[in-house]
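So this one's target30.cif, mmCIF, C-alpha atoms:
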data_data
#
loop_
_atom_site.label_atom_id
_atom_site.label_comp_id
_atom_site.auth_asym_id
_atom_site.auth_seq_id
_atom_site.Cartn_x
_atom_site.Cartn_y
_atom_site.Cartn_z
CA MET A 1 149.65 39.87 120.18
CA ASN A 2 147.18 42.38 118.68
CA ARG A 3 145.08 44.95 120.54
CA LYS A 4 142.01 42.75 120.88
CA GLN A 5 144.10 39.95 122.35
CA PHE A 6 145.81 42.44 124.68
CA PHE A 7 142.51 43.67 126.16
CA ASP A 8 140.94 40.20 126.14
CA LYS A 9 143.85 39.08 128.30
CA LEU A 10 143.34 41.97 130.73
CA ALA A 11 139.58 41.34 131.08
CA GLU A 12 139.78 38.39 133.47
CA ASN A 13 141.38 40.34 136.35
CA TRP A 14 140.30 43.86 135.42
CA ASP A 15 137.63 44.24 138.12
CA SER A 16 139.83 42.79 140.86
CA SER A 17 142.54 45.41 140.35
CA PRO A 18 143.16 47.47 143.51
CA LYS A 19 142.82 50.61 141.36
CA ILE A 20 139.15 49.90 140.59
CA LYS A 21 137.88 51.16 143.97
CA GLN A 22 139.80 54.38 143.45
CA THR A 23 138.34 54.76 139.95
CA ILE A 24 134.78 54.23 141.23
CA LYS A 25 135.37 56.87 143.91
CA LYS A 26 136.53 59.32 141.22
CA ILE A 27 133.45 58.56 139.10
CA GLU A 28 131.11 59.20 142.03
CA GLN A 29 132.83 62.35 143.29
CA LYS A 30 134.12 63.99 140.10
CA ILE A 31 132.84 62.45 136.84
CA PHE A 32 129.17 61.72 137.58
CA PRO A 33 128.35 65.26 138.81
CA LEU A 34 129.75 66.63 135.52
CA LEU A 35 127.87 64.11 133.38
CA LYS A 36 124.60 65.17 135.03
CA GLN A 37 124.93 68.56 133.34
CA PHE A 38 124.71 67.05 129.85
CA PHE A 39 122.25 64.15 130.01
CA LYS A 40 118.65 63.70 131.13
CA LYS A 41 115.97 61.08 131.71
CA GLY A 42 114.87 59.35 128.51
CA ASP A 43 118.17 59.86 126.65
CA ASN A 44 119.88 57.17 124.57
CA ILE A 45 123.55 57.03 125.55
CA LEU A 46 126.44 55.01 124.16
CA ASP A 47 129.29 53.94 126.43
CA LEU A 48 132.05 53.78 123.81
CA GLY A 49 134.81 51.39 124.84
CA CYS A 50 132.86 50.27 127.88
CA GLY A 51 135.36 47.64 129.06
CA THR A 52 133.85 45.62 131.92
CA GLY A 53 131.15 48.26 132.37
CA ILE A 54 132.38 50.35 135.28
CA LEU A 55 130.48 53.44 134.06
CA LEU A 56 127.27 51.69 132.95
CA PRO A 57 125.25 51.92 136.21
CA TYR A 58 125.99 55.66 136.43
CA LEU A 59 124.79 56.24 132.87
CA GLU A 60 121.70 54.20 133.75
CA LYS A 61 120.97 56.61 136.62
CA LEU A 62 121.17 59.53 134.21
CA VAL A 63 118.74 58.18 131.61
CA GLY A 64 116.27 56.48 133.95
CA LYS A 65 113.75 53.81 132.97
CA LYS A 66 112.68 55.60 129.80
CA GLY A 67 116.20 55.91 128.46
CA LYS A 68 118.58 53.29 127.12
CA VAL A 69 122.29 52.68 127.54
CA TYR A 70 124.35 50.86 124.91
CA ALA A 71 127.70 49.28 125.80
CA LEU A 72 130.21 48.94 122.96
CA ASP A 73 133.65 47.35 123.07
CA PHE A 74 135.86 45.50 120.60
CA SER A 75 136.96 43.01 123.27
CA GLN A 76 134.44 40.18 123.61
CA LYS A 77 135.91 39.17 126.96
CA MET A 78 135.48 42.68 128.35
CA LEU A 79 131.85 42.65 127.17
CA ASN A 80 131.33 39.20 128.71
CA LYS A 81 132.45 40.56 132.09
CA ALA A 82 129.99 43.45 131.78
CA LYS A 83 127.18 41.00 130.90
CA GLU A 84 128.03 38.82 133.90
CA LYS A 85 127.56 41.81 136.19
CA PHE A 86 124.56 43.54 134.64
CA ALA A 87 122.71 40.88 132.60
CA ASP A 88 120.14 42.45 130.26
CA ARG A 89 120.09 45.94 131.79
CA PHE A 90 122.09 47.23 128.82
CA VAL A 91 122.45 46.62 125.07
CA TYR A 92 125.86 45.03 124.43
CA VAL A 93 127.57 45.54 121.08
CA LYS A 94 130.89 44.04 119.97
CA ALA A 95 132.37 46.50 117.48
CA ASN A 96 135.21 48.91 116.84
CA ALA A 97 134.94 52.66 117.50
CA HIS A 98 136.12 53.27 113.92
CA ASN A 99 133.16 51.44 112.40
CA MET A 100 130.03 51.32 114.54
CA PRO A 101 126.93 49.30 113.54
CA PHE A 102 124.43 52.07 114.30
CA GLU A 103 122.26 54.26 112.11
CA ASN A 104 122.94 57.99 111.82
CA GLU A 105 121.82 60.23 114.68
CA LYS A 106 120.88 57.40 117.05
CA PHE A 107 122.26 58.76 120.33
CA ASP A 108 121.68 61.82 122.50
CA GLY A 109 125.13 61.32 123.91
CA VAL A 110 128.30 59.27 123.60
CA VAL A 111 130.66 58.85 126.55
CA CYS A 112 134.20 57.54 126.29
CA PHE A 113 135.58 56.79 129.76
CA ASN A 114 139.27 55.89 130.21
CA THR A 115 139.38 54.68 126.59
CA PHE A 116 140.01 57.44 124.04
CA PRO A 117 143.84 57.14 123.97
CA HIS A 118 143.48 53.53 122.79
CA PHE A 119 141.71 54.44 119.54
CA VAL A 120 144.31 53.94 116.82
CA ASN A 121 142.70 56.39 114.39
CA LYS A 122 141.23 59.11 116.59
CA LEU A 123 139.93 61.21 113.69
CA LYS A 124 138.05 58.25 112.23
CA ALA A 125 136.58 57.47 115.67
CA LEU A 126 135.49 61.11 116.09
CA LYS A 127 133.84 61.09 112.66
CA GLU A 128 131.93 57.94 113.61
CA VAL A 129 130.83 59.50 116.90
CA TYR A 130 129.65 62.58 115.01
CA ARG A 131 127.66 60.37 112.64
CA VAL A 132 125.81 58.46 115.37
CA LEU A 133 125.09 61.56 117.48
CA LYS A 134 121.86 63.50 117.18
CA LYS A 135 122.00 67.24 116.47
CA ASP A 136 123.05 69.07 119.66
CA GLY A 137 124.23 65.75 121.12
CA TYR A 138 127.30 65.60 123.34
CA PHE A 139 130.44 63.51 123.07
CA ILE A 140 132.34 63.33 126.33
CA ILE A 141 135.87 62.07 126.84
CA ALA A 142 136.46 61.48 130.55
CA HIS A 143 139.34 60.07 132.56
CA SER A 144 139.74 59.31 136.24
CA LYS A 145 143.25 60.79 136.07
CA ASN A 146 144.60 63.94 134.47
CA ARG A 147 146.28 63.92 131.06
CA GLU A 148 149.82 63.99 132.43
CA GLU A 149 149.20 60.94 134.62
CA ILE A 150 147.51 58.99 131.80
CA ASN A 151 150.25 59.72 129.26
CA SER A 152 153.11 58.95 131.63
CA HIS A 153 151.38 55.70 132.71
CA HIS A 154 151.15 54.50 129.10
CA LYS A 155 154.79 55.37 128.44
CA LYS A 156 155.78 53.09 131.32
CA LEU A 157 153.68 50.20 129.99
CA GLU A 158 155.63 50.06 126.72
CA GLY A 159 154.50 47.59 124.03
CA LEU A 160 151.14 48.01 122.28
CA VAL A 161 149.79 50.90 124.36
CA ALA A 162 153.04 52.81 124.92
CA LYS A 163 151.97 55.62 122.59
CA ASP A 164 148.27 55.66 123.54
CA PHE A 165 148.15 59.28 124.70
CA ILE A 166 145.47 61.86 125.31
CA PRO A 167 146.15 64.51 122.65
CA THR A 168 146.97 68.09 123.62
CA ASP A 169 144.05 70.53 123.73
CA LYS A 170 145.26 72.06 120.46
CA GLU A 171 145.42 68.66 118.73
CA LEU A 172 141.98 67.66 119.99
CA VAL A 173 140.44 70.96 118.89
CA LEU A 174 141.86 70.39 115.41
CA LEU A 175 140.61 66.79 115.28
CA SER A 176 137.15 67.84 116.48
CA LYS A 177 136.91 70.54 113.82
CA LYS A 178 137.91 68.04 111.13
CA ALA A 179 135.14 65.76 112.39
CA LYS A 180 132.71 68.75 112.13
CA PHE A 181 131.93 69.21 115.82
CA SER A 182 130.65 72.71 116.53
CA GLU A 183 132.31 73.33 119.88
CA ILE A 184 134.74 71.82 122.37
CA ASN A 185 135.40 72.56 126.05
CA PHE A 186 137.95 71.17 128.50
CA ILE A 187 137.66 70.62 132.23
CA GLU A 188 140.99 69.42 133.56
CA ASN A 189 142.45 69.66 137.04
CA ASN A 190 144.92 67.65 139.08
CA LYS A 191 142.33 64.90 139.62
CA ILE A 192 140.55 64.17 136.30
CA TYR A 193 140.33 64.90 132.58
CA PHE A 194 136.98 65.89 131.05
CA CYS A 195 136.39 67.08 127.49
CA VAL A 196 132.98 67.92 125.99
CA THR A 197 132.31 68.26 122.27
CA LYS A 198 128.93 69.15 120.81
CA LYS A 199 127.42 68.31 117.44
#
Write-out of the structure in structure tokens:
Amino acid sequence: MNRKQFFDKLAENWDSSPKIKQTIKKIEQKIFPLLKQFFKKGDNILDLGCGTGILLPYLEKLVGKKGKVYALDFSQKMLNKAKEKFADRFVYVKANAHNMPFENEKFDGVVCFNTFPHFVNKLKALKEVYRVLKKDGYFIIAHSKNREEINSHHKKLEGLVAKDFIPTDKELVLLSKKAKFSEINFIENNKIYFCVTKK
């Protein structure tokens, strides 16, 4: 089984997981208030690794009617679930984070929610994000759990995602510099993980 097959298999029951309600609560109480600091009405935002689209309606609130939200995932079945829920409210794109089908400087912001550890080549993904971001655009890596919880959870899963970790701050700073981002800031507590990089 490859990674696409792994996430395709998970798609069917993803939204019925008992953890989803808890994740939505974290988005509303912790993640969304932070996102509001970086995005505004009329922005174009990419949800990178959107899964079944749990974050999409919150990004829609941020950009308003004049903005646009794109939903990208490499799992067609995850995208199908998002489409079932939201129809044509968003632009759905099946692609890999390492090779995105967008022109340079298309987005005001890129958000990666609960997904970044799964990118096999994180530097390549960061370089792609940098390419599609406008000058002064923000790339945000957010998680509904802290780094320690995420990393220990993946260790327990074993198999394909056993080593899908959130890098240390030092590692991520180095990766961001290699991808040419100008600054990076971390907001981490015992509830969430939130990292902001700026082009």
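Rounded to one decimal, CA of Asp108 (chain A) and CA of Lys30 (chain A) lie 21.7 Å from each other.
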Selection result of the PyMOL selection byres ((chain A and resi 32) around 12) on this file, as a PyMOL selection string: chain A and resi 23-31+33-39+55-62+111+113+140+142-144+192+194
9 Å contact set for Leu126 (chain A), only C-alpha atoms, chain neighbours under 5 positions out, as a PyMOL selection string: chain A and resi 97-98+121+131+139+175-176+178-179+181
Tell me, in Å to one decimal, how far CA of Glu188 (chain A) is from CA of Ile166 (chain A). 12.1 Å
With distances taken over all atoms listed in the file, which of A:Lys68, A:Lys19, A:Lys135, A:Lys170 is nearest to Lys40 (chain A)? A:Lys68
From the list A:Lys65, A:Lys83, A:Lys199, A:His153, which residue is nearest Glu128 (chain A) when using only C-alpha atoms?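 That would be A:Lys199, the residue with the smallest distance to Glu128 (chain A).
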Interatomic distance between CA of Lys94 (chain A) and CA of Gln22 (chain A)? 27.2 Å
Explicit residues for the PyMOL selection byres ((chain A and resi 66) around 10) (as number ranges by chain): A: 41-44, 60, 63-65, 67-68
Need to verify the contact set: Asp73 (chain A), 12 Å, only C-alpha atoms, exclusion of same-chain residues closer than 6 positions in sequence. Can you return it as number ranges by chain? A: 3-4, 7-8, 11, 46-53, 79-83, 91-101, 112-113, 115-116, 118-119
Between A:Phe107, A:Phe6, A:Phe90, A:Tyr130, which is the closest to Lys77 (chain A) once you count all atoms listed in the file?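 Of the candidates, the smallest distance to Lys77 (chain A) is held by A:Phe6.
Minimum atom-to-atom distance to Cys195 (chain A), evaluated using only C-alpha atoms, belongs to A:Val110 out of A:Ala125, A:Val120, A:Val132, A:Val110.
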